[in-house]
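Structure file structure_2.tsv (TSV, C-alpha atoms and all ligand atoms) follows.
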```
chain	number	residue	atom	x	y	z
A	1	MET	CA	-14.88	-14.31	7.76
A	2	LYS	CA	-14.18	-14.26	4.02
A	3	ILE	CA	-13.50	-10.86	2.54
A	4	LEU	CA	-12.42	-9.71	-0.90
A	5	PHE	CA	-9.23	-7.59	-1.07
A	6	ALA	CA	-8.59	-5.54	-4.20
A	7	THR	CA	-5.12	-6.80	-5.08
A	8	ASN	CA	-3.46	-9.47	-7.17
A	9	ASN	CA	-0.02	-8.42	-5.81
A	10	ALA	CA	1.26	-11.50	-3.94
A	11	HIS	CA	3.50	-9.45	-1.62
A	12	LYS	CA	0.66	-7.22	-0.54
A	13	LEU	CA	-1.69	-10.15	-0.11
A	14	ALA	CA	0.78	-11.95	2.16
A	15	GLU	CA	1.41	-8.79	4.22
A	16	VAL	CA	-2.27	-8.12	4.73
A	17	GLN	CA	-3.14	-11.76	5.46
A	18	ALA	CA	-0.38	-11.87	8.11
A	19	VAL	CA	-1.77	-8.77	9.85
A	20	LEU	CA	-5.41	-9.89	9.71
A	21	GLY	CA	-4.60	-13.39	11.00
A	22	PRO	CA	-6.42	-16.70	10.52
A	23	ALA	CA	-9.86	-15.37	11.48
A	24	PHE	CA	-10.04	-13.80	8.01
A	25	THR	CA	-9.74	-15.50	4.63
A	26	LEU	CA	-8.77	-13.10	1.88
A	27	LEU	CA	-10.21	-13.54	-1.59
A	28	THR	CA	-8.52	-11.87	-4.56
A	29	PRO	CA	-10.29	-10.28	-7.53
A	30	ARG	CA	-9.09	-13.21	-9.64
A	31	ASP	CA	-10.70	-15.67	-7.17
A	32	CYS	CA	-13.99	-13.86	-7.88
A	33	GLY	CA	-13.69	-13.79	-11.67
A	34	VAL	CA	-12.37	-10.22	-11.96
A	35	GLU	CA	-9.44	-10.51	-14.38
A	36	GLU	CA	-9.28	-6.95	-15.71
A	37	GLU	CA	-7.21	-4.17	-14.13
A	38	ILE	CA	-9.22	-2.36	-11.47
A	39	PRO	CA	-9.45	1.36	-12.31
A	40	GLU	CA	-7.65	3.89	-10.09
A	41	GLU	CA	-7.99	7.28	-11.77
A	42	GLN	CA	-8.53	9.64	-8.85
A	43	PRO	CA	-6.18	12.45	-7.76
A	44	THR	CA	-5.95	11.25	-4.13
A	45	LEU	CA	-5.21	8.04	-2.23
A	46	GLU	CA	-8.63	8.34	-0.57
A	47	GLY	CA	-10.33	8.63	-3.97
A	48	ASN	CA	-8.46	5.69	-5.47
A	49	ALA	CA	-9.07	3.36	-2.52
A	50	SER	CA	-12.76	4.23	-2.69
A	51	GLN	CA	-12.95	3.84	-6.48
A	52	LYS	CA	-11.32	0.40	-6.36
A	53	ALA	CA	-13.60	-0.86	-3.57
A	54	HIS	CA	-16.75	0.44	-5.30
A	55	TYR	CA	-15.65	-1.12	-8.60
A	56	LEU	CA	-15.26	-4.53	-6.95
A	57	LEU	CA	-18.59	-4.25	-5.15
A	58	ARG	CA	-20.31	-3.48	-8.47
A	59	ARG	CA	-18.55	-6.39	-10.21
A	60	THR	CA	-19.05	-9.02	-7.48
A	61	GLY	CA	-21.71	-7.85	-5.01
A	62	LEU	CA	-19.32	-8.89	-2.20
A	63	ASP	CA	-18.11	-7.06	0.90
A	64	CYS	CA	-14.59	-5.91	0.09
A	65	PHE	CA	-11.75	-3.54	0.83
A	66	ALA	CA	-9.12	-1.79	-1.27
A	67	ASP	CA	-5.97	0.08	-0.37
A	68	ASP	CA	-3.97	2.77	-2.07
A	69	THR	CA	-0.48	3.79	-1.02
A	70	GLY	CA	1.81	6.65	-1.85
A	71	LEU	CA	5.40	7.52	-1.01
A	72	GLU	CA	5.40	11.22	-0.08
A	73	VAL	CA	8.87	12.80	-0.25
A	74	GLU	CA	9.23	16.14	1.54
A	75	ALA	CA	11.88	17.67	-0.75
A	76	LEU	CA	9.76	16.75	-3.80
A	77	GLY	CA	6.66	18.48	-2.49
A	78	GLY	CA	4.95	15.19	-1.64
A	79	ALA	CA	5.78	13.43	-4.95
A	80	PRO	CA	5.48	10.74	-6.15
A	81	GLY	CA	2.45	10.42	-3.82
A	82	VAL	CA	-0.63	9.11	-5.59
A	83	HIS	CA	1.53	8.54	-8.70
A	84	SER	CA	3.97	6.19	-6.91
A	85	ALA	CA	3.18	3.14	-9.08
A	86	ARG	CA	3.58	5.05	-12.35
A	87	TYR	CA	6.29	7.52	-11.34
A	88	ALA	CA	8.79	6.76	-14.13
A	89	THR	CA	6.71	4.91	-16.69
A	90	ASP	CA	3.12	3.99	-17.44
A	91	GLY	CA	3.61	0.48	-16.07
A	92	HIS	CA	4.50	-0.72	-12.56
A	93	ASP	CA	8.27	-0.67	-13.18
A	94	PHE	CA	9.75	-0.76	-9.66
A	95	ASP	CA	13.37	-0.44	-10.86
A	96	ALA	CA	12.66	2.57	-13.09
A	97	ASN	CA	10.69	4.22	-10.26
A	98	LYS	CA	13.55	3.78	-7.77
A	99	ARG	CA	16.08	5.14	-10.30
A	100	LEU	CA	13.96	8.23	-10.98
A	101	LEU	CA	13.49	8.86	-7.26
A	102	LEU	CA	17.27	8.72	-6.68
A	103	GLU	CA	17.86	11.01	-9.65
A	104	ASN	CA	15.33	13.54	-8.39
A	105	LEU	CA	16.92	13.50	-4.93
A	106	ALA	CA	20.53	13.70	-6.16
A	107	GLY	CA	22.46	16.23	-4.07
A	108	GLN	CA	19.47	16.74	-1.79
A	109	ASN	CA	20.21	16.73	1.97
A	110	ASN	CA	16.57	16.57	3.01
A	111	ARG	CA	15.72	12.88	2.55
A	112	ARG	CA	12.56	12.93	4.72
A	113	ALA	CA	9.69	10.81	3.36
A	114	ARG	CA	6.67	8.90	4.49
A	115	PHE	CA	4.51	6.10	3.20
A	116	ARG	CA	0.79	6.68	3.56
A	117	THR	CA	-1.88	4.02	3.01
A	118	VAL	CA	-5.61	4.55	2.85
A	119	VAL	CA	-7.93	1.55	3.12
A	120	SER	CA	-11.56	1.74	1.99
A	121	LEU	CA	-13.88	-0.88	3.43
A	122	LEU	CA	-17.31	-1.53	1.93
A	123	LEU	CA	-19.45	-3.58	4.26
A	124	ASP	CA	-23.15	-4.00	3.52
A	125	GLY	CA	-22.72	-1.11	1.07
A	126	LYS	CA	-21.45	1.28	3.78
A	127	GLU	CA	-17.96	2.79	3.36
A	128	LEU	CA	-15.34	3.36	6.04
A	129	GLN	CA	-11.73	4.53	5.57
A	130	PHE	CA	-8.62	3.79	7.67
A	131	GLU	CA	-5.22	5.48	7.33
A	132	GLY	CA	-1.72	4.28	8.18
A	133	ILE	CA	1.46	6.39	8.03
A	134	VAL	CA	5.14	5.59	8.59
A	135	GLU	CA	7.73	8.37	8.64
A	136	GLY	CA	11.30	7.77	7.52
A	137	ARG	CA	14.00	8.67	5.03
A	138	ILE	CA	15.25	7.77	1.56
A	139	LEU	CA	18.78	6.33	1.26
A	140	GLU	CA	21.22	7.19	-1.50
A	141	GLU	CA	21.45	3.58	-2.62
A	142	GLU	CA	19.41	0.42	-2.32
A	143	ARG	CA	19.81	-2.07	0.54
A	144	GLY	CA	18.08	-5.45	0.92
A	145	GLN	CA	16.22	-8.00	-1.17
A	146	GLU	CA	12.84	-8.43	0.55
A	147	GLY	CA	9.53	-6.69	-0.07
A	148	PHE	CA	8.71	-4.73	-3.20
A	149	GLY	CA	8.46	-1.25	-4.68
A	150	TYR	CA	10.56	1.40	-2.93
A	151	ASP	CA	11.35	-0.91	0.05
A	152	PRO	CA	15.16	-1.05	-0.56
A	153	LEU	CA	15.39	2.75	-0.36
A	154	PHE	CA	13.20	3.44	2.70
A	155	VAL	CA	14.39	3.38	6.32
A	156	PRO	CA	11.61	3.98	8.85
A	157	ASP	CA	12.34	6.28	11.80
A	158	GLY	CA	13.76	4.41	14.79
A	159	CYS	CA	15.17	1.59	12.62
A	160	ASP	CA	18.56	0.91	11.03
A	161	LYS	CA	17.22	-1.41	8.35
A	162	THR	CA	15.41	-0.65	5.12
A	163	PHE	CA	12.02	-2.31	4.64
A	164	ALA	CA	13.79	-4.62	2.17
A	165	GLU	CA	16.16	-5.83	4.95
A	166	MET	CA	13.29	-6.71	7.29
A	167	SER	CA	11.28	-9.90	7.66
A	168	ALA	CA	7.60	-9.61	6.76
A	169	ASP	CA	6.73	-9.46	10.49
A	170	GLU	CA	9.25	-6.69	11.18
A	171	LYS	CA	7.93	-4.63	8.26
A	172	ASN	CA	4.29	-5.16	9.20
A	173	ALA	CA	4.96	-4.06	12.80
A	174	VAL	CA	5.87	-0.52	11.69
A	175	SER	CA	4.64	-0.12	8.12
A	176	HIS	CA	1.96	2.17	6.71
A	177	ARG	CA	-0.02	-0.83	5.45
A	178	GLY	CA	0.39	-2.74	8.73
A	179	ARG	CA	-0.95	0.27	10.65
A	180	ALA	CA	-3.94	0.81	8.35
A	181	ILE	CA	-4.80	-2.91	8.26
A	182	ARG	CA	-4.60	-3.22	12.06
A	183	LYS	CA	-7.21	-0.45	12.28
A	184	LEU	CA	-9.34	-2.33	9.75
A	185	ALA	CA	-8.93	-5.59	11.71
A	186	ALA	CA	-9.86	-3.89	15.00
A	187	TYR	CA	-13.02	-2.53	13.38
A	188	LEU	CA	-14.00	-5.89	11.86
A	189	HIS	CA	-13.41	-7.64	15.20
A	190	SER	CA	-15.42	-4.95	17.03
A	191	ILE	CA	-18.51	-5.61	14.93
A	192	GLU	CA	-17.92	-9.40	14.94
A	193	LYS	CA	-19.20	-9.68	11.42
A	201	LIG	P1	-0.41	0.65	-4.24
A	201	LIG	O1	-1.42	1.73	-4.29
A	201	LIG	O2	-0.43	-0.08	-2.94
A	201	LIG	O3	-0.42	-0.25	-5.43
A	201	LIG	O4	1.01	1.35	-4.22
A	201	LIG	C1	1.44	2.21	-5.25
A	201	LIG	C2	2.93	2.09	-5.39
A	201	LIG	O5	3.54	2.51	-4.17
A	201	LIG	C3	3.45	0.68	-5.64
A	201	LIG	O6	3.52	0.40	-7.01
A	201	LIG	C4	4.82	0.72	-5.03
A	201	LIG	O7	5.74	1.27	-5.92
A	201	LIG	C5	4.64	1.69	-3.88
A	201	LIG	N1	4.39	0.96	-2.63
A	201	LIG	C6	3.20	0.68	-2.06
A	201	LIG	N2	3.37	0.01	-0.92
A	201	LIG	C7	4.69	-0.13	-0.76
A	201	LIG	C8	5.48	-0.76	0.24
A	201	LIG	O8	5.00	-1.33	1.23
A	201	LIG	N3	6.79	-0.68	0.06
A	201	LIG	C9	7.39	-0.07	-1.00
A	201	LIG	N4	6.70	0.50	-1.98
A	201	LIG	C10	5.36	0.47	-1.85
```

Here is a file; write its structure as structure tokens.
Ligand code: IMP
Amino acid sequence: MKILFATNNAHKLAEVQAVLGPAFTLLTPRDCGVEEEIPEEQPTLEGNASQKAHYLLRRTGLDCFADDTGLEVEALGGAPGVHSARYATDGHDFDANKRLLLENLAGQNNRRARFRTVVSLLLDGKELQFEGIVEGRILEEERGQEGFGYDPLFVPDGCDKTFAEMSADEKNAVSHRGRAIRKLAAYLHSIEK
């Protein structure tokens, strides 16, 4: 099955393709002639995932899915949450975002955090959402070179490594996105579309 996924982020694409497996071929917005940035202006992950999927359906007429992820830090009242991509600046500046997070947690003993992903699937115009959560903690300094975003600062519960010290398979086995996408895959297999 070919299905359009609302990302041009190569890391995310590879993660999601690895979880879905060879039965699914992912198309990117660019593959379908969508070059502009896809709007995500809602105050929740659920709203943004839905907005992105509906935007792509309107632009292409194709079945598609979109995800939105936030890092929710307990001591910061759930921030950066839905603002995770634009925490420090208006762009997607991963380094500035990590610096600001460390600054805001300086001297803080409670380092509890979780990643939460919401996936919106639009199939034959009908919408379904799937959620994936991973609980963990934020380190005081970065470790590891893999992955993207806040990966070098996040250690999932039950692990010694940060996401950035894990292989793609190790991260997918426990990650927020891996969990949400496995639910999506189970649904798609169940309807044998
Ligand atoms: P998005 O909604 O998936 O684009 O995620 C928003 C922001 O959350 C990204 O710009 C990253 O900073 C962060 N993020 C999302 N997924 C991950 C991940 O798997 N690891 C680390 N950071 C992530």

Give me the residues within 7 Å of stretch 120-130 of chain A as a short mmCIF file (atom, residue, chain, number, x, y, z; two decimals) with C-alpha atoms, in the frame of the given file, counting all atoms listed in the file and dropping any in the same chain fewer than 4 places off.
```cif
data_model
loop_
_atom_site.label_atom_id
_atom_site.label_comp_id
_atom_site.auth_asym_id
_atom_site.auth_seq_id
_atom_site.Cartn_x
_atom_site.Cartn_y
_atom_site.Cartn_z
CA ALA A 49 -9.07 3.36 -2.52
CA SER A 50 -12.76 4.23 -2.69
CA ALA A 53 -13.60 -0.86 -3.57
CA ASP A 63 -18.11 -7.06 0.90
CA CYS A 64 -14.59 -5.91 0.09
CA PHE A 65 -11.75 -3.54 0.83
CA ALA A 66 -9.12 -1.79 -1.27
CA ASP A 67 -5.97 0.08 -0.37
CA ALA A 180 -3.94 0.81 8.35
CA LYS A 183 -7.21 -0.45 12.28
CA LEU A 184 -9.34 -2.33 9.75
#
```

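Between atom CA of A:Thr25 and atom O5 of ligand LIG 201 (chain A) there is a distance of 24.0 Å.
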
Identify the residues within 10 Å of coordinate (18.9, 1.4, -2.8) (same frame as the file), considering all atoms listed in the file, and give the answer as a PyMOL selection string.
-> chain A and resi 95+98-99+102+138-145+150-154+162+164

Once you count all atoms listed in the file, which residues end up within 6 Å of ligand LIG 201 (chain A), and could you hand them over as a ChimeraX atom specification?
-> /A:68-70,84-85,92,94,148-151

In Å, how far is it from atom CA of A:Leu76 to atom CA of A:Leu100?
-> 11.9 Å

Which of A:Cys159, A:Met166, A:Val34, A:Ile191 sits closest to A:Thr60 [using all atoms listed in the file] = A:Val34

Pick out the residues sitting within 10 Å of stretch 9-15 of chain A, and hand them over as a PyMOL selection string; count all atoms listed in the file, and ignore anything fewer than 4 positions along from it in its own chain.
-> chain A and resi 5+19-20+26-28+67+146-148+168-169+171-172+177-178+181

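The interatomic distance for the pair atom CA of A:Gly33 and atom CA of A:Arg182 works out to 27.5 Å.
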
Compare A:Glu131, A:Glu165, A:Ile38, A:Ala88 by their minimum atom-to-atom distance to A:Arg58, counting only C-alpha atoms, and give me the closest one.
-> A:Ile38

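When all atoms listed in the file are used to measure the gap to A:Glu41, the shortest distance among A:Ile3, A:Arg86, A:Phe24, A:Leu57 belongs to A:Arg86.
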
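Nearest residue to A:Asn48 among A:Glu192, A:Gly107, A:His83, A:Asp157 is A:His83, counting only C-alpha atoms.
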
Tell me, as a PyMOL selection string, which residues lie within 8 Å of stretch 72-74 of chain A, counting all atoms listed in the file; anything in the same chain fewer than 5 positions away does not count.
-> chain A and resi 79-81+110-116

The selected residues should be written to file as a PDB file, in the frame of the given file (atoms: C-alpha atoms).
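The resulting selection-v2.pdb:
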```
ATOM      1  CA  ALA A  79       5.780  13.430  -4.950  1.00  0.00           C
ATOM      2  CA  PRO A  80       5.480  10.740  -6.150  1.00  0.00           C
ATOM      3  CA  GLY A  81       2.450  10.420  -3.820  1.00  0.00           C
ATOM      4  CA  ASN A 110      16.570  16.570   3.010  1.00  0.00           C
ATOM      5  CA  ARG A 111      15.720  12.880   2.550  1.00  0.00           C
ATOM      6  CA  ARG A 112      12.560  12.930   4.720  1.00  0.00           C
ATOM      7  CA  ALA A 113       9.690  10.810   3.360  1.00  0.00           C
ATOM      8  CA  ARG A 114       6.670   8.900   4.490  1.00  0.00           C
ATOM      9  CA  PHE A 115       4.510   6.100   3.200  1.00  0.00           C
ATOM     10  CA  ARG A 116       0.790   6.680   3.560  1.00  0.00           C
TER      11      ARG A 116
END
```

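Nearest to A:Gly61 of all the residues A:Leu188, A:Cys32, A:Gly136, A:Ser175 is A:Cys32, counting only C-alpha atoms.
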
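Considering the residues A:Arg59, A:Ser167, A:Lys2, A:Gly91 and counting all atoms listed in the file, A:Glu35 has its shortest atom-to-atom contact with A:Arg59.
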